[in-house]
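File shown here: query_32.txt, holding compact mmCIF, C-alpha atoms.
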```
# COMPACT_ATOMS: atom_id res chain seq x y z
CA MET B 116 114.09 121.50 75.55
CA ASN B 117 113.33 118.23 77.33
CA THR B 118 115.79 117.84 80.21
CA THR B 119 114.04 114.79 81.66
CA THR B 120 116.41 112.06 82.81
CA THR B 121 115.89 109.01 80.60
CA GLU B 122 117.85 106.33 82.48
CA PRO B 123 115.38 103.52 83.26
CA ILE B 124 114.12 103.29 86.81
CA THR B 125 114.18 99.74 88.14
CA ASP B 126 112.68 99.94 91.64
CA TRP B 127 110.46 102.06 93.89
CA GLN B 128 113.36 103.87 95.54
CA GLY B 129 114.47 104.97 92.09
CA ILE B 130 111.03 106.53 91.56
CA VAL B 131 111.35 108.45 94.83
CA ASN B 132 114.88 109.57 93.94
CA ARG B 133 113.80 110.74 90.46
CA ALA B 134 110.87 112.67 91.92
CA GLN B 135 113.21 114.40 94.39
CA GLU B 136 115.54 115.24 91.50
CA TYR B 137 112.74 116.89 89.53
CA SER B 138 111.32 118.77 92.51
CA SER B 139 114.76 120.03 93.52
CA LYS B 140 114.63 122.10 90.32
CA ARG B 141 110.96 123.09 90.64
CA MET B 142 108.83 121.85 93.50
CA ARG B 143 105.77 120.08 92.12
CA ARG B 144 102.40 120.90 93.66
CA VAL B 145 99.60 118.47 94.46
CA ALA B 146 95.99 119.69 94.64
CA VAL B 147 94.33 117.43 97.20
CA ALA B 148 90.55 117.32 96.74
CA ALA B 149 88.66 116.79 100.02
CA ALA B 150 91.85 116.52 102.04
CA ALA B 151 90.20 115.47 105.35
CA ASP B 152 91.66 111.96 105.09
CA GLY B 153 94.38 110.73 107.41
CA ALA B 154 96.09 108.47 104.86
CA VAL B 155 96.21 111.22 102.26
CA LEU B 156 97.51 113.78 104.74
CA GLN B 157 100.23 111.39 105.87
CA ALA B 158 101.29 110.90 102.23
CA VAL B 159 101.53 114.58 101.32
CA VAL B 160 103.17 115.67 104.59
CA GLU B 161 105.88 113.03 104.17
CA ALA B 162 106.25 113.93 100.48
CA ARG B 163 106.82 117.56 101.44
CA LEU B 164 109.32 116.68 104.14
CA GLN B 165 111.28 114.52 101.70
CA GLY B 166 111.32 117.17 98.97
CA ILE B 167 109.06 115.24 96.61
CA ALA B 168 106.07 117.58 96.31
CA ASP B 169 104.23 120.46 97.92
CA ALA B 170 100.46 120.28 98.43
CA VAL B 171 97.37 122.45 98.69
CA LEU B 172 94.77 120.88 100.97
CA ILE B 173 91.31 121.69 99.61
CA GLY B 174 88.27 121.09 101.79
CA ASP B 175 86.74 121.75 105.19
CA SER B 176 89.62 123.28 107.13
CA ASP B 177 88.30 122.18 110.54
CA GLU B 178 87.94 118.56 109.37
CA ILE B 179 91.38 118.63 107.76
CA LYS B 180 92.98 119.87 110.98
CA LYS B 181 91.03 117.30 113.01
CA ARG B 182 92.28 114.41 110.83
CA ALA B 183 95.81 115.78 111.04
CA ASP B 184 95.63 115.96 114.83
CA GLU B 185 94.34 112.36 114.98
CA ALA B 186 97.33 111.24 112.91
CA ASP B 187 99.74 113.51 114.83
CA LEU B 188 100.70 115.38 111.66
CA ASP B 189 102.13 118.89 111.40
CA LEU B 190 100.39 120.76 108.58
CA SER B 191 102.45 123.94 108.94
CA VAL B 192 104.47 122.96 105.86
CA LEU B 193 101.33 122.89 103.68
CA HIS B 194 98.59 125.32 102.62
CA ILE B 195 94.90 124.77 103.38
CA GLU B 196 92.30 126.19 101.03
CA PRO B 197 88.90 126.11 102.76
CA VAL B 198 86.08 124.82 100.53
CA SER B 199 82.97 123.10 101.88
CA GLU B 200 80.91 121.48 99.09
CA VAL B 201 82.22 118.18 97.66
CA GLU B 202 81.52 119.15 94.04
CA THR B 203 83.19 122.52 94.59
CA VAL B 204 86.23 120.82 96.12
CA ALA B 205 86.66 118.61 93.05
CA ALA B 206 86.13 121.50 90.67
CA ARG B 207 88.69 123.62 92.53
CA ALA B 208 91.33 120.89 92.24
CA ALA B 209 90.60 120.60 88.51
CA ASP B 210 90.76 124.38 88.11
CA MET B 211 94.18 124.49 89.75
CA ALA B 212 95.48 121.81 87.38
CA ALA B 213 93.96 123.50 84.35
CA SER B 214 95.53 126.86 85.22
CA GLY B 215 98.95 125.37 85.96
CA ASP B 216 98.72 126.10 89.70
CA ALA B 217 98.92 122.35 90.38
CA ASP B 218 100.84 119.60 88.63
CA ILE B 219 98.96 116.67 90.16
CA ILE B 220 95.46 116.01 91.45
CA MET B 221 95.06 113.74 94.46
CA LYS B 222 91.88 112.08 95.65
CA GLY B 223 90.95 112.67 99.27
CA PHE B 224 87.76 111.80 101.11
CA LEU B 225 85.31 111.97 98.21
CA PRO B 226 83.93 109.51 95.63
CA THR B 227 86.31 108.78 92.74
CA SER B 228 83.44 109.41 90.29
CA THR B 229 82.92 112.94 91.67
CA LEU B 230 86.59 113.77 91.27
CA LEU B 231 86.89 112.35 87.77
CA LYS B 232 83.71 114.11 86.64
CA ALA B 233 85.39 117.40 87.52
CA VAL B 234 88.68 116.40 85.91
CA LEU B 235 86.98 115.42 82.66
CA ALA B 236 84.63 118.40 82.44
CA LYS B 237 84.99 119.96 78.99
CA ASP B 238 85.58 123.45 80.35
CA LYS B 239 88.69 122.27 82.25
CA GLY B 240 90.51 121.03 79.14
CA LEU B 241 92.22 118.23 81.07
CA ARG B 242 91.07 115.27 78.97
CA ARG B 243 94.06 113.74 77.15
CA SER B 244 92.79 110.27 76.23
CA ASP B 245 89.39 108.72 75.55
CA VAL B 246 90.09 106.27 78.38
CA LEU B 247 91.39 106.90 81.89
CA SER B 248 93.10 103.84 83.33
CA HIS B 249 94.89 102.85 86.50
CA CYS B 250 98.51 101.72 86.55
CA ALA B 251 99.74 99.78 89.57
CA VAL B 252 103.48 100.08 89.18
CA LEU B 253 104.95 97.44 91.47
CA SER B 254 108.47 96.93 92.75
CA PRO B 255 108.70 93.21 93.64
CA PRO B 256 111.86 92.38 95.63
CA ASP B 257 112.81 89.44 93.40
CA TYR B 258 111.98 90.97 90.00
CA PRO B 259 114.80 92.86 88.26
CA ARG B 260 112.56 95.64 86.98
CA LEU B 261 109.37 97.53 87.76
CA LEU B 262 106.16 95.70 86.85
CA ASN B 263 103.16 97.74 85.76
CA VAL B 264 99.83 95.92 86.23
CA THR B 265 96.91 97.54 84.41
CA ASP B 266 93.99 98.08 84.72
CA GLY B 267 92.95 97.04 88.20
CA GLY B 268 91.23 100.24 89.20
CA MET B 269 89.23 102.02 86.49
CA VAL B 270 87.92 100.11 83.45
CA VAL B 271 85.72 97.25 84.64
CA SER B 272 85.76 95.02 81.55
CA PRO B 273 87.66 96.69 78.69
CA ASP B 274 86.51 96.12 75.15
CA PHE B 275 88.97 95.93 72.25
CA LYS B 276 89.34 99.69 71.77
CA GLN B 277 89.58 100.35 75.50
CA LYS B 278 92.31 97.73 75.87
CA VAL B 279 94.37 99.45 73.18
CA LYS B 280 93.95 102.77 75.03
CA ILE B 281 94.94 101.11 78.31
CA ILE B 282 98.12 99.88 76.61
CA GLU B 283 98.87 103.35 75.27
CA ASN B 284 98.41 104.84 78.76
CA ALA B 285 100.76 102.21 80.18
CA VAL B 286 103.35 103.11 77.54
CA THR B 287 103.14 106.73 78.70
CA VAL B 288 103.91 105.67 82.27
CA SER B 289 106.76 103.41 81.15
CA ARG B 290 108.37 106.16 79.11
CA ALA B 291 108.05 108.54 82.07
CA LEU B 292 110.05 105.94 84.03
CA GLY B 293 112.76 105.94 81.36
CA ILE B 294 111.68 102.70 79.68
CA THR B 295 111.70 103.87 76.08
CA LYS B 296 110.19 100.72 74.55
CA PRO B 297 108.43 98.69 77.22
CA ARG B 298 107.69 94.99 76.81
CA ILE B 299 103.95 94.56 77.23
CA ALA B 300 102.35 91.18 77.95
CA LEU B 301 98.67 90.61 77.19
CA LEU B 302 97.60 88.14 79.85
CA ALA B 303 95.58 85.00 79.26
CA ALA B 304 95.20 81.48 80.62
CA THR B 305 97.20 80.14 77.68
CA ASP B 306 100.32 80.98 75.69
CA VAL B 307 98.80 79.94 72.38
CA VAL B 308 95.84 81.21 70.38
CA HIS B 309 92.69 79.12 70.84
CA PRO B 310 89.65 80.14 68.74
CA GLU B 311 87.36 79.12 71.60
CA MET B 312 89.08 81.63 73.91
CA PRO B 313 88.01 85.10 72.69
CA ARG B 314 90.46 87.02 74.88
CA ALA B 315 93.41 85.02 73.54
CA VAL B 316 92.32 85.79 69.98
CA GLU B 317 91.92 89.47 70.87
CA ASP B 318 95.41 89.51 72.38
CA ALA B 319 96.90 88.05 69.22
CA ILE B 320 95.21 90.71 67.10
CA ILE B 321 96.47 93.52 69.34
CA ALA B 322 99.99 92.06 69.22
CA LYS B 323 99.86 92.10 65.41
CA MET B 324 98.68 95.71 65.49
CA ALA B 325 101.79 96.58 67.49
CA ASP B 326 103.98 94.66 65.01
CA ARG B 327 102.59 96.88 62.25
CA GLY B 328 103.16 100.11 64.16
CA GLN B 329 99.55 100.76 65.11
CA ILE B 330 100.66 100.83 68.75
CA ARG B 331 103.81 102.90 69.03
CA ASP B 332 106.83 102.83 71.32
CA ALA B 333 106.17 99.35 72.70
CA ILE B 334 106.82 95.67 72.11
CA VAL B 335 103.50 93.91 72.61
CA ASP B 336 102.83 90.18 72.68
CA GLY B 337 100.08 87.84 73.75
CA PRO B 338 98.40 85.75 74.74
CA LEU B 339 100.83 85.01 77.55
CA THR B 340 100.36 83.46 80.97
CA ILE B 341 101.71 85.48 83.87
CA ASP B 342 104.55 83.03 84.57
CA ALA B 343 105.64 82.91 80.93
CA ALA B 344 105.47 86.71 80.77
CA THR B 345 107.74 87.24 83.76
CA LEU B 346 109.99 84.18 84.17
CA PRO B 347 112.61 83.43 81.48
CA LYS B 348 112.92 79.81 82.64
CA VAL B 349 109.21 79.22 82.04
CA ALA B 350 109.36 80.83 78.59
CA ASP B 351 112.34 78.60 77.77
CA LEU B 352 110.66 75.50 79.17
CA TYR B 353 107.69 75.90 76.84
CA ASP B 354 109.79 77.09 73.88
CA ILE B 355 107.88 80.36 73.65
CA GLU B 356 109.43 82.53 70.96
CA SER B 357 108.57 86.03 72.04
CA PRO B 358 110.46 89.29 72.65
CA VAL B 359 108.26 89.84 75.71
CA ALA B 360 108.12 86.43 77.39
CA GLY B 361 110.20 86.35 80.56
CA TYR B 362 110.92 90.08 80.55
CA ALA B 363 107.59 91.91 80.77
CA ASP B 364 107.51 95.51 81.96
CA VAL B 365 103.71 95.70 81.75
CA LEU B 366 100.98 93.13 82.41
CA VAL B 367 97.64 93.96 80.75
CA ALA B 368 94.72 92.31 82.52
CA ASN B 369 91.36 91.45 80.98
CA SER B 370 89.21 92.87 83.78
CA ILE B 371 89.39 95.14 86.79
CA GLU B 372 89.10 92.08 89.05
CA GLU B 373 92.02 90.32 87.38
CA GLY B 374 94.27 93.38 87.55
CA ASN B 375 93.32 94.11 91.15
CA ILE B 376 93.92 90.54 92.32
CA ILE B 377 97.31 90.29 90.58
CA SER B 378 98.61 93.55 92.03
CA LYS B 379 97.29 92.94 95.55
CA SER B 380 98.65 89.39 95.57
CA LEU B 381 102.10 90.68 94.67
CA ILE B 382 101.84 93.32 97.40
CA LEU B 383 100.44 91.10 100.16
CA PHE B 384 102.29 87.85 99.48
CA GLY B 385 105.25 88.92 97.36
CA GLY B 386 106.34 91.98 99.31
CA ALA B 387 106.04 94.33 96.34
CA VAL B 388 106.01 98.08 96.92
CA PHE B 389 103.03 99.73 95.20
CA CYS B 390 102.97 103.02 93.27
CA GLY B 391 99.52 103.77 91.87
CA VAL B 392 98.40 106.47 89.44
CA ILE B 393 95.46 107.18 87.12
CA VAL B 394 96.57 108.02 83.60
CA GLY B 395 94.82 109.59 80.62
CA ALA B 396 94.24 113.15 81.82
CA ALA B 397 96.57 116.08 81.20
CA VAL B 398 97.83 115.68 84.79
CA PRO B 399 98.34 112.55 86.88
CA VAL B 400 95.59 111.64 89.34
CA SER B 401 96.95 110.07 92.52
CA LEU B 402 95.15 107.81 94.99
CA VAL B 403 96.34 106.25 98.24
CA SER B 404 94.55 103.81 100.52
CA ARG B 405 94.21 103.81 104.29
CA SER B 406 95.66 100.30 104.30
CA ASP B 407 98.78 101.30 102.36
CA PRO B 408 102.02 101.27 104.38
CA PRO B 409 103.86 104.63 104.50
CA ARG B 410 106.38 103.79 101.75
CA ASN B 411 103.56 102.87 99.33
CA LYS B 412 101.85 106.20 99.99
CA LEU B 413 105.11 108.05 99.44
CA ALA B 414 105.88 106.08 96.28
CA SER B 415 102.42 106.83 94.86
CA VAL B 416 103.01 110.57 95.24
CA ALA B 417 106.49 110.16 93.76
CA ILE B 418 105.32 108.36 90.61
CA ALA B 419 102.76 111.11 90.02
CA VAL B 420 105.61 113.66 90.16
CA VAL B 421 107.69 111.64 87.70
CA LEU B 422 104.74 111.26 85.32
CA SER B 423 103.94 114.97 85.64
CA GLU B 424 107.48 115.86 84.53
CA TYR B 425 107.13 113.64 81.46
CA LEU B 426 103.69 114.97 80.48
CA GLN B 427 104.83 118.57 80.79
CA ALA B 428 107.94 117.87 78.72
CA GLN B 429 105.79 116.25 76.01
CA GLU B 430 103.41 119.20 76.06
CA ALA B 431 106.31 121.63 75.66
CA GLN B 432 107.57 119.73 72.62
CA SER B 433 104.17 119.54 70.89
```
If you took the structure in this file and wrote it as structure tokens, what would it be?
Amino acid sequence: MNTTTTEPITDWQGIVNRAQEYSSKRMRRVAVAAAADGAVLQAVVEARLQGIADAVLIGDSDEIKKRADEADLDLSVLHIEPVSEVETVAARAADMAASGDADIIMKGFLPTSTLLKAVLAKDKGLRRSDVLSHCAVLSPPDYPRLLNVTDGGMVVSPDFKQKVKIIENAVTVSRALGITKPRIALLAATDVVHPEMPRAVEDAIIAKMADRGQIRDAIVDGPLTIDAATLPKVADLYDIESPVAGYADVLVANSIEEGNIISKSLILFGGAVFCGVIVGAAVPVSLVSRSDPPRNKLASVAIAVVLSEYLQAQEAQS
């Protein structure tokens, strides 16, 4: 039976609270691949102290302890699993997820491509979607809901099929956050279809696919500009008749650059809290940056816990 709370989460603190709720019943475990990274260690130590997740630190134990000492972190609450080779570290994290010994995989000090190669290896059985995409779930202080910007971290220039998969991955994240039918805006430089603008035409086709049920559990519309997608007064000003305009839960970008710039602009200049996760595998893949403030690191672990709960509930029902 699925006991997952379905009340929609509207801000980053709600994500943290929901993660604590889930882990109070069964503490989630993060497998950290190549854990000798100060930012990553800070994130998982704080997550453990706040009852969000436990962690296994995989990698060179001396280097892990050195980075912890540099950051003045107490690792006594966590377990270190000594592994030296980078490829072996990634494979061990994937093995733990495949066997159920870990609920989440977290990237440490190793290339993203090395980690994802291990995650997607056929013998691990962790591939869930044809496309892995990044969701930057933002909590802007002046927006009444969470805003998921995708994909600013994985797919460089999505083609038509990849964009549909990116949307489906974003729907998975939204539903994990209790948003049963998210409003998804396909971003463009215009709110109307212009034949000379291929992306706008593509957006209109994808929106029609959603209308016909080819994309499930979502309300999809586009092309939409970012202001029309998120501000009701702009949608009203331009007489845009759309169930998404003004109330978007998800913004789908046309390139990795576009998605990255939108999310970082909202973080740097709009004060948004960032929760990032890679979606499309059987378990969430979490990443944090050295430049992330502590609450963003904590929120990124928390959203992985919330998504893990949803994926496991879906697996149990299938």
Can you list, as a PDB file with C-alpha atoms, in the coordinates of the input, every protein, DNA or RNA residue that comes within 10 Å of Asp257 of chain B when you count only C-alpha atoms, leaving out same-chain residues fewer than 5 positions away?
```pdb
ATOM      1  CA  GLY B 385     105.250  88.920  97.360  1.00  0.00           C
ATOM      2  CA  GLY B 386     106.340  91.980  99.310  1.00  0.00           C
ATOM      3  CA  ALA B 387     106.040  94.330  96.340  1.00  0.00           C
TER       4      ALA B 387
END
```
Open item on the list: Using Å and a single decimal, report how far atom CA of Ser139 of chain B sits from atom CA of Gly215 of chain B.
Closed with: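 Interatomic distance here is 18.3 Å.
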Task: Distance of atom CA of His194 of chain B from atom CA of Glu430 of chain B, expressed in Å to one decimal place - done: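 Separation of atom CA of Glu430 of chain B and atom CA of His194 of chain B: 27.7 Å.
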Task: Long-range neighbours of segment 287-300 of chain B as a ChimeraX atom specification, 8 Å cut-off, all atoms listed in the file, 4 positions minimum in chain - done: /B:120-124,130,250,282-283,332-339,344,358-360,362-367,394,421-422,424-426
TODO: Using all atoms listed in the file, find the one residue out of B:Lys180, B:Val160, B:Val147, B:Ala186 that sits nearest to Arg405 of chain B.
DONE: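 For Arg405 of chain B, the nearest of the given residues is B:Ala186.
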Student task, segment 286-326 of chain B output with N, CA and C atoms as a PDB file, in the first residue's frame:
```pdb
ATOM      1  N   VAL B 286       7.486  15.333 -14.588  1.00  0.00           N
ATOM      2  CA  VAL B 286       6.195  14.931 -14.013  1.00  0.00           C
ATOM      3  C   VAL B 286       6.425  13.997 -12.822  1.00  0.00           C
ATOM      4  N   THR B 287       7.374  13.079 -12.956  1.00  0.00           N
ATOM      5  CA  THR B 287       7.700  12.173 -11.852  1.00  0.00           C
ATOM      6  C   THR B 287       8.107  12.959 -10.609  1.00  0.00           C
ATOM      7  N   VAL B 288       8.957  13.959 -10.785  1.00  0.00           N
ATOM      8  CA  VAL B 288       9.392  14.771  -9.649  1.00  0.00           C
ATOM      9  C   VAL B 288       8.212  15.536  -9.052  1.00  0.00           C
ATOM     10  N   SER B 289       7.386  16.116  -9.914  1.00  0.00           N
ATOM     11  CA  SER B 289       6.228  16.873  -9.425  1.00  0.00           C
ATOM     12  C   SER B 289       5.293  15.990  -8.612  1.00  0.00           C
ATOM     13  N   ARG B 290       5.028  14.805  -9.097  1.00  0.00           N
ATOM     14  CA  ARG B 290       4.121  13.915  -8.385  1.00  0.00           C
ATOM     15  C   ARG B 290       4.732  13.454  -7.053  1.00  0.00           C
ATOM     16  N   ALA B 291       6.052  13.293  -7.025  1.00  0.00           N
ATOM     17  CA  ALA B 291       6.720  12.984  -5.759  1.00  0.00           C
ATOM     18  C   ALA B 291       6.526  14.111  -4.749  1.00  0.00           C
ATOM     19  N   LEU B 292       6.396  15.337  -5.256  1.00  0.00           N
ATOM     20  CA  LEU B 292       6.204  16.510  -4.393  1.00  0.00           C
ATOM     21  C   LEU B 292       4.734  16.760  -4.084  1.00  0.00           C
ATOM     22  N   GLY B 293       3.869  15.832  -4.501  1.00  0.00           N
ATOM     23  CA  GLY B 293       2.451  15.941  -4.203  1.00  0.00           C
ATOM     24  C   GLY B 293       1.654  16.741  -5.212  1.00  0.00           C
ATOM     25  N   ILE B 294       2.276  17.132  -6.313  1.00  0.00           N
ATOM     26  CA  ILE B 294       1.586  17.883  -7.367  1.00  0.00           C
ATOM     27  C   ILE B 294       1.076  16.854  -8.375  1.00  0.00           C
ATOM     28  N   THR B 295      -0.173  16.490  -8.258  1.00  0.00           N
ATOM     29  CA  THR B 295      -0.686  15.333  -9.011  1.00  0.00           C
ATOM     30  C   THR B 295      -0.794  15.593 -10.508  1.00  0.00           C
ATOM     31  N   LYS B 296      -1.028  16.835 -10.905  1.00  0.00           N
ATOM     32  CA  LYS B 296      -1.121  17.168 -12.323  1.00  0.00           C
ATOM     33  C   LYS B 296      -0.433  18.513 -12.560  1.00  0.00           C
ATOM     34  N   PRO B 297       0.876  18.488 -12.662  1.00  0.00           N
ATOM     35  CA  PRO B 297       1.628  19.732 -12.772  1.00  0.00           C
ATOM     36  C   PRO B 297       1.344  20.491 -14.066  1.00  0.00           C
ATOM     37  N   ARG B 298       1.422  21.808 -13.964  1.00  0.00           N
ATOM     38  CA  ARG B 298       1.306  22.682 -15.138  1.00  0.00           C
ATOM     39  C   ARG B 298       2.701  22.885 -15.706  1.00  0.00           C
ATOM     40  N   ILE B 299       2.891  22.479 -16.940  1.00  0.00           N
ATOM     41  CA  ILE B 299       4.216  22.482 -17.553  1.00  0.00           C
ATOM     42  C   ILE B 299       4.257  23.460 -18.710  1.00  0.00           C
ATOM     43  N   ALA B 300       5.171  24.434 -18.632  1.00  0.00           N
ATOM     44  CA  ALA B 300       5.327  25.452 -19.668  1.00  0.00           C
ATOM     45  C   ALA B 300       6.531  25.127 -20.542  1.00  0.00           C
ATOM     46  N   LEU B 301       6.307  25.098 -21.853  1.00  0.00           N
ATOM     47  CA  LEU B 301       7.375  24.892 -22.823  1.00  0.00           C
ATOM     48  C   LEU B 301       7.864  26.272 -23.250  1.00  0.00           C
ATOM     49  N   LEU B 302       9.080  26.605 -22.859  1.00  0.00           N
ATOM     50  CA  LEU B 302       9.559  27.974 -23.006  1.00  0.00           C
ATOM     51  C   LEU B 302       9.973  28.318 -24.427  1.00  0.00           C
ATOM     52  N   ALA B 303       9.718  29.561 -24.788  1.00  0.00           N
ATOM     53  CA  ALA B 303      10.116  30.096 -26.085  1.00  0.00           C
ATOM     54  C   ALA B 303      10.242  31.605 -25.956  1.00  0.00           C
ATOM     55  N   ALA B 304      10.647  32.247 -27.046  1.00  0.00           N
ATOM     56  CA  ALA B 304      10.757  33.708 -27.061  1.00  0.00           C
ATOM     57  C   ALA B 304       9.449  34.365 -27.460  1.00  0.00           C
ATOM     58  N   THR B 305       8.414  33.555 -27.661  1.00  0.00           N
ATOM     59  CA  THR B 305       7.124  34.055 -28.101  1.00  0.00           C
ATOM     60  C   THR B 305       6.013  33.226 -27.473  1.00  0.00           C
ATOM     61  N   ASP B 306       4.820  33.837 -27.398  1.00  0.00           N
ATOM     62  CA  ASP B 306       3.666  33.111 -26.868  1.00  0.00           C
ATOM     63  C   ASP B 306       2.744  32.607 -27.970  1.00  0.00           C
ATOM     64  N   VAL B 307       3.150  32.800 -29.202  1.00  0.00           N
ATOM     65  CA  VAL B 307       2.349  32.332 -30.341  1.00  0.00           C
ATOM     66  C   VAL B 307       3.228  31.488 -31.254  1.00  0.00           C
ATOM     67  N   VAL B 308       2.597  30.659 -32.071  1.00  0.00           N
ATOM     68  CA  VAL B 308       3.331  29.767 -32.956  1.00  0.00           C
ATOM     69  C   VAL B 308       3.737  30.518 -34.215  1.00  0.00           C
ATOM     70  N   HIS B 309       5.045  30.571 -34.454  1.00  0.00           N
ATOM     71  CA  HIS B 309       5.581  31.171 -35.682  1.00  0.00           C
ATOM     72  C   HIS B 309       6.275  30.069 -36.476  1.00  0.00           C
ATOM     73  N   PRO B 310       5.875  29.826 -37.725  1.00  0.00           N
ATOM     74  CA  PRO B 310       6.512  28.769 -38.527  1.00  0.00           C
ATOM     75  C   PRO B 310       8.015  28.931 -38.653  1.00  0.00           C
ATOM     76  N   GLU B 311       8.499  30.183 -38.610  1.00  0.00           N
ATOM     77  CA  GLU B 311       9.936  30.406 -38.769  1.00  0.00           C
ATOM     78  C   GLU B 311      10.716  30.156 -37.472  1.00  0.00           C
ATOM     79  N   MET B 312      10.002  29.820 -36.396  1.00  0.00           N
ATOM     80  CA  MET B 312      10.654  29.514 -35.120  1.00  0.00           C
ATOM     81  C   MET B 312      10.413  28.042 -34.790  1.00  0.00           C
ATOM     82  N   PRO B 313      11.347  27.164 -35.186  1.00  0.00           N
ATOM     83  CA  PRO B 313      11.141  25.711 -35.050  1.00  0.00           C
ATOM     84  C   PRO B 313      10.805  25.258 -33.640  1.00  0.00           C
ATOM     85  N   ARG B 314      11.423  25.855 -32.622  1.00  0.00           N
ATOM     86  CA  ARG B 314      11.162  25.431 -31.247  1.00  0.00           C
ATOM     87  C   ARG B 314       9.720  25.740 -30.835  1.00  0.00           C
ATOM     88  N   ALA B 315       9.198  26.879 -31.302  1.00  0.00           N
ATOM     89  CA  ALA B 315       7.816  27.236 -30.986  1.00  0.00           C
ATOM     90  C   ALA B 315       6.846  26.246 -31.626  1.00  0.00           C
ATOM     91  N   VAL B 316       7.158  25.831 -32.842  1.00  0.00           N
ATOM     92  CA  VAL B 316       6.316  24.839 -33.518  1.00  0.00           C
ATOM     93  C   VAL B 316       6.392  23.501 -32.779  1.00  0.00           C
ATOM     94  N   GLU B 317       7.593  23.111 -32.386  1.00  0.00           N
ATOM     95  CA  GLU B 317       7.782  21.874 -31.631  1.00  0.00           C
ATOM     96  C   GLU B 317       6.995  21.907 -30.325  1.00  0.00           C
ATOM     97  N   ASP B 318       7.028  23.041 -29.632  1.00  0.00           N
ATOM     98  CA  ASP B 318       6.294  23.183 -28.380  1.00  0.00           C
ATOM     99  C   ASP B 318       4.796  22.982 -28.586  1.00  0.00           C
ATOM    100  N   ALA B 319       4.279  23.564 -29.667  1.00  0.00           N
ATOM    101  CA  ALA B 319       2.851  23.442 -29.942  1.00  0.00           C
ATOM    102  C   ALA B 319       2.462  21.992 -30.210  1.00  0.00           C
ATOM    103  N   ILE B 320       3.324  21.269 -30.896  1.00  0.00           N
ATOM    104  CA  ILE B 320       3.055  19.853 -31.181  1.00  0.00           C
ATOM    105  C   ILE B 320       3.045  19.037 -29.883  1.00  0.00           C
ATOM    106  N   ILE B 321       4.030  19.295 -29.019  1.00  0.00           N
ATOM    107  CA  ILE B 321       4.099  18.566 -27.749  1.00  0.00           C
ATOM    108  C   ILE B 321       2.879  18.880 -26.888  1.00  0.00           C
ATOM    109  N   ALA B 322       2.453  20.146 -26.891  1.00  0.00           N
ATOM    110  CA  ALA B 322       1.259  20.523 -26.129  1.00  0.00           C
ATOM    111  C   ALA B 322       0.029  19.767 -26.629  1.00  0.00           C
ATOM    112  N   LYS B 323      -0.081  19.619 -27.932  1.00  0.00           N
ATOM    113  CA  LYS B 323      -1.222  18.863 -28.505  1.00  0.00           C
ATOM    114  C   LYS B 323      -1.120  17.384 -28.133  1.00  0.00           C
ATOM    115  N   MET B 324       0.078  16.842 -28.097  1.00  0.00           N
ATOM    116  CA  MET B 324       0.250  15.461 -27.650  1.00  0.00           C
ATOM    117  C   MET B 324      -0.304  15.280 -26.245  1.00  0.00           C
ATOM    118  N   ALA B 325       0.001  16.242 -25.374  1.00  0.00           N
ATOM    119  CA  ALA B 325      -0.503  16.165 -23.995  1.00  0.00           C
ATOM    120  C   ALA B 325      -2.023  16.263 -23.963  1.00  0.00           C
ATOM    121  N   ASP B 326      -2.591  17.132 -24.801  1.00  0.00           N
ATOM    122  CA  ASP B 326      -4.051  17.258 -24.883  1.00  0.00           C
ATOM    123  C   ASP B 326      -4.696  15.918 -25.223  1.00  0.00           C
TER     124      ASP B 326
END
```
